[in-house]
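Some notes on the structure that comes next.
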Amino acid sequence: TRLLPQSRGLGDVYKRQTEDRRRAAVRVAIVFELPDLARRLAAAGLRGLPRDAVPGFLQEVARRADTAGMDELSLWALTTLQRTVPAVTGDATTEVRLAAAALAVGDTVAAIEAQTRLARALEPGSVERRRAIGDLIRVEAGASAVDAPTLRQRLSGFRSEYPDAPEMDEITAVVAAGLATRGDVDAALALVETAPGPQSELERAWLLLDGGDLEGGRAALESALPGLSPTAATEVNQLMALLDRVSPAAAGVLAAAAGRARHGDPAGARRLLEDGADEVADGDRPALLFQAGLLASDGGDAVGAARYFARIEGAHPDSREAAEAMLRHARILAADPARADEARSLLERLILERPRAAVVPDARRELARLGRGS
């Protein structure tokens, strides 16, 4: 609020008709973290600028907006630049920046349009065009506005132009996952079965698991494992260890939920786990509830996550999952200052009752942080 009187005065700057002062007014609005005002000032300033000064002015607005993390302002400046300076359309640097800004604000349509223009402007067969088309496919695979036939056609064109592309395995897996989220599971399976590679094989595993084929999915996981990155391999190993630890019935539920979550339906995966927890043996129940809690937490549903973790603490205190469930529950409670005492009490119980649990060092750190009031 202390800055508002100053910011209101910025409009007066635009009464003076020099380009430097226009730039300064927008720059100060950005420094004061007033993106809406910066946009209004920039739009007003355009009307009085000489035509040859427009590109530099908008580029500077976009650059300063990027630096300040004002993605919507950057997107506006770059979009306006394209609209007012036709020669800019297809310029690689501008299109890449525009696509990045569009993705940052969740405008996948604008990102796809920018990537498409970029790909068309680049030399056919070039490395730059290959990368641009790859980025375009990645965005389209995750965009609900792009239908399955369009996605398949885009991959087919990429394969024709770049049959030996180093990212072919990854792009194929991305498209297969995109087809699966659109309900075209048969096409997704057909795609990965004709494209050998660790990423495609991993996606085939998720498809099989999602479809209830536990044996086939596990075999595909093991086949993909040697070619995966360390992070992905760790995740796969953890899942396979979990499947080994529970009964076949519980393993089937966990596997199907993992596949469902991978294909953009974490809510459906949670329902599978929650329903399955009521059907499996008592000893397997904590594993399903814990995975449901992780999905809830990852999806931003802290209340739901806390409910799953609390259920483990209360009904399955001797389970392998109980200690970490207590820690995660305490962290959720600690995020609410009004419940800090509850979090502290839960952490103290965890440390006292389970002194040998692997999460105790983390619990001590959380307790110390709460003690500092930070």
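Chain labels run A, B, ... following the order of the structure tokens; each chain numbers its residues from 1, and ligands are numbered from 1 in the order shown.
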- Ala99 of chain A environment, 7 Å, only C-alpha atoms, sequence neighbours closer than 5 positions dropped, as a PyMOL selection string: chain A and resi 110-111+114-115
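Every protein, DNA or RNA residue with an atom at most 12 Å from Arg117 of chain A, where only C-alpha atoms count and chain neighbours fewer than 4 positions away do not, is listed here: A:Gln82, A:Val88, A:Thr89, A:Gly90, A:Asp91, A:Ala92, A:Thr93, A:Thr94, A:Glu95, A:Val96, A:Leu98, A:Ala99, A:Ala110, A:Ala111, A:Ile112, A:Glu113, A:Ala121, A:Leu122, A:Arg129, A:Ala132, A:Ile133, A:Leu136.
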- Message: Using only C-alpha atoms, which protein or nucleic acid residues come within 10 Å of Leu243 of chain A? Drop anything in the same chain fewer than 2 positions from it, and give the result as a PyMOL selection string.
- Response: chain A and resi 214+218+237-241+245-255+287
Just the selected residues (all heavy atoms), exported as a tab-separated table (two decimals), in the first residue's frame, please.
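Listing of part_16.tsv after writing:
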```
chain	number	residue	atom	x	y	z
A	214	LEU	N	-1.45	-57.90	-14.12
A	214	LEU	CA	-0.36	-57.77	-13.16
A	214	LEU	C	0.89	-58.50	-13.63
A	214	LEU	O	2.00	-57.95	-13.57
A	214	LEU	CB	-0.80	-58.31	-11.80
A	214	LEU	CG	0.25	-58.30	-10.68
A	214	LEU	CD1	0.77	-56.90	-10.43
A	214	LEU	CD2	-0.34	-58.90	-9.40
A	218	ARG	N	4.31	-56.52	-14.65
A	218	ARG	CA	5.55	-56.71	-13.90
A	218	ARG	C	6.69	-57.13	-14.81
A	218	ARG	O	7.83	-56.68	-14.66
A	218	ARG	CB	5.34	-57.77	-12.82
A	218	ARG	CG	4.50	-57.27	-11.66
A	218	ARG	CD	4.79	-58.07	-10.43
A	218	ARG	NE	6.21	-58.10	-10.14
A	218	ARG	CZ	6.73	-58.49	-9.00
A	218	ARG	NH1	5.93	-58.88	-8.02
A	218	ARG	NH2	8.03	-58.49	-8.79
A	237	ASN	N	11.71	-49.93	-8.88
A	237	ASN	CA	12.15	-50.90	-7.88
A	237	ASN	C	11.29	-50.84	-6.62
A	237	ASN	O	10.96	-51.87	-6.02
A	237	ASN	CB	13.62	-50.68	-7.52
A	237	ASN	CG	14.56	-51.33	-8.52
A	237	ASN	OD1	14.29	-52.43	-8.99
A	237	ASN	ND2	15.66	-50.67	-8.84
A	238	GLN	N	10.96	-49.64	-6.21
A	238	GLN	CA	10.12	-49.48	-5.02
A	238	GLN	C	8.73	-50.08	-5.24
A	238	GLN	O	8.19	-50.74	-4.34
A	238	GLN	CB	10.00	-48.00	-4.65
A	238	GLN	CG	11.29	-47.41	-4.07
A	238	GLN	CD	11.20	-45.92	-3.86
A	238	GLN	OE1	10.34	-45.24	-4.42
A	238	GLN	NE2	12.09	-45.38	-3.04
A	239	LEU	N	8.18	-49.86	-6.42
A	239	LEU	CA	6.87	-50.43	-6.71
A	239	LEU	C	6.93	-51.95	-6.74
A	239	LEU	O	6.07	-52.63	-6.15
A	239	LEU	CB	6.35	-49.91	-8.06
A	239	LEU	CG	5.03	-50.53	-8.53
A	239	LEU	CD1	3.90	-50.27	-7.53
A	239	LEU	CD2	4.64	-50.01	-9.92
A	240	MET	N	7.95	-52.52	-7.38
A	240	MET	CA	8.05	-53.97	-7.44
A	240	MET	C	8.27	-54.58	-6.06
A	240	MET	O	7.72	-55.64	-5.74
A	240	MET	CB	9.17	-54.39	-8.41
A	240	MET	CG	8.83	-54.08	-9.86
A	240	MET	SD	9.85	-54.99	-11.06
A	240	MET	CE	11.46	-54.34	-10.69
A	241	ALA	N	9.04	-53.91	-5.21
A	241	ALA	CA	9.24	-54.39	-3.84
A	241	ALA	C	7.93	-54.37	-3.07
A	241	ALA	O	7.63	-55.29	-2.30
A	241	ALA	CB	10.28	-53.54	-3.14
A	245	ARG	N	5.66	-57.57	-1.49
A	245	ARG	CA	5.43	-57.64	-0.04
A	245	ARG	C	3.98	-57.95	0.32
A	245	ARG	O	3.71	-58.43	1.43
A	245	ARG	CB	5.86	-56.30	0.59
A	245	ARG	CG	5.71	-56.22	2.08
A	245	ARG	CD	6.56	-55.09	2.64
A	245	ARG	NE	6.20	-53.78	2.14
A	245	ARG	CZ	5.21	-53.03	2.65
A	245	ARG	NH1	4.46	-53.51	3.62
A	245	ARG	NH2	4.98	-51.83	2.17
A	246	VAL	N	3.06	-57.66	-0.58
A	246	VAL	CA	1.64	-57.84	-0.25
A	246	VAL	C	1.08	-59.07	-0.96
A	246	VAL	O	1.74	-59.70	-1.79
A	246	VAL	CB	0.82	-56.58	-0.65
A	246	VAL	CG1	1.31	-55.37	0.13
A	246	VAL	CG2	0.92	-56.32	-2.15
A	247	SER	N	-0.14	-59.41	-0.63
A	247	SER	CA	-0.80	-60.56	-1.25
A	247	SER	C	-1.10	-60.27	-2.71
A	247	SER	O	-1.13	-59.12	-3.14
A	247	SER	CB	-2.10	-60.85	-0.50
A	247	SER	OG	-3.03	-59.79	-0.72
A	248	PRO	N	-1.35	-61.31	-3.50
A	248	PRO	CA	-1.70	-61.10	-4.92
A	248	PRO	C	-2.90	-60.17	-5.11
A	248	PRO	O	-2.92	-59.35	-6.03
A	248	PRO	CB	-1.99	-62.51	-5.42
A	248	PRO	CG	-1.16	-63.40	-4.54
A	248	PRO	CD	-1.18	-62.74	-3.19
A	249	ALA	N	-3.90	-60.30	-4.23
A	249	ALA	CA	-5.08	-59.45	-4.35
A	249	ALA	C	-4.72	-57.98	-4.15
A	249	ALA	O	-5.13	-57.10	-4.92
A	249	ALA	CB	-6.15	-59.88	-3.34
A	250	ALA	N	-3.93	-57.70	-3.11
A	250	ALA	CA	-3.52	-56.33	-2.84
A	250	ALA	C	-2.57	-55.82	-3.93
A	250	ALA	O	-2.64	-54.65	-4.33
A	250	ALA	CB	-2.84	-56.23	-1.47
A	251	ALA	N	-1.69	-56.70	-4.43
A	251	ALA	CA	-0.77	-56.31	-5.49
A	251	ALA	C	-1.54	-55.89	-6.74
A	251	ALA	O	-1.16	-54.93	-7.43
A	251	ALA	CB	0.18	-57.47	-5.81
A	252	GLY	N	-2.62	-56.60	-7.04
A	252	GLY	CA	-3.43	-56.24	-8.20
A	252	GLY	C	-4.02	-54.86	-8.07
A	252	GLY	O	-4.04	-54.08	-9.04
A	253	VAL	N	-4.50	-54.51	-6.88
A	253	VAL	CA	-5.08	-53.19	-6.66
A	253	VAL	C	-3.99	-52.11	-6.75
A	253	VAL	O	-4.17	-51.07	-7.40
A	253	VAL	CB	-5.76	-53.12	-5.28
A	253	VAL	CG1	-6.28	-51.70	-5.00
A	253	VAL	CG2	-6.92	-54.12	-5.20
A	254	LEU	N	-2.86	-52.35	-6.11
A	254	LEU	CA	-1.76	-51.37	-6.14
A	254	LEU	C	-1.25	-51.14	-7.55
A	254	LEU	O	-0.98	-50.01	-7.95
A	254	LEU	CB	-0.62	-51.85	-5.24
A	254	LEU	CG	-0.87	-51.76	-3.73
A	254	LEU	CD1	0.14	-52.62	-2.96
A	254	LEU	CD2	-0.79	-50.31	-3.27
A	255	ALA	N	-1.12	-52.23	-8.31
A	255	ALA	CA	-0.61	-52.12	-9.67
A	255	ALA	C	-1.58	-51.35	-10.56
A	255	ALA	O	-1.18	-50.46	-11.33
A	255	ALA	CB	-0.36	-53.51	-10.24
A	287	ALA	N	-0.77	-50.60	3.38
A	287	ALA	CA	-0.03	-50.30	2.16
A	287	ALA	C	-0.92	-49.56	1.16
A	287	ALA	O	-0.49	-48.59	0.51
A	287	ALA	CB	0.51	-51.58	1.54
```
Closest pair table for segment 171-283 of chain A residues within 7 Å of segment 146-153 of chain A, only C-alpha atoms, as a tab-separated table:
```
residue	atom	partner	partner_atom	distance
A:Val175	CA	A:Leu151	CA	6.8
A:Leu179	CA	A:Ala148	CA	5.8
A:Arg182	CA	A:Ala148	CA	6.8
```
Print the selection's residues with C-alpha atoms to a file, as a PDB file, in the first residue's frame.
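result-v3.pdb written:
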```pdb
ATOM      1  CA  VAL A 175       2.132 -40.164 -27.252  1.00  0.00           C
ATOM      2  CA  LEU A 179      -3.683 -41.801 -26.181  1.00  0.00           C
ATOM      3  CA  ARG A 182      -8.002 -40.089 -24.126  1.00  0.00           C
TER       4      ARG A 182
END
```
- So what do you get for atom CA of Ala302 of chain A versus atom CA of His329 of chain A, distance-wise? 9.0 Å
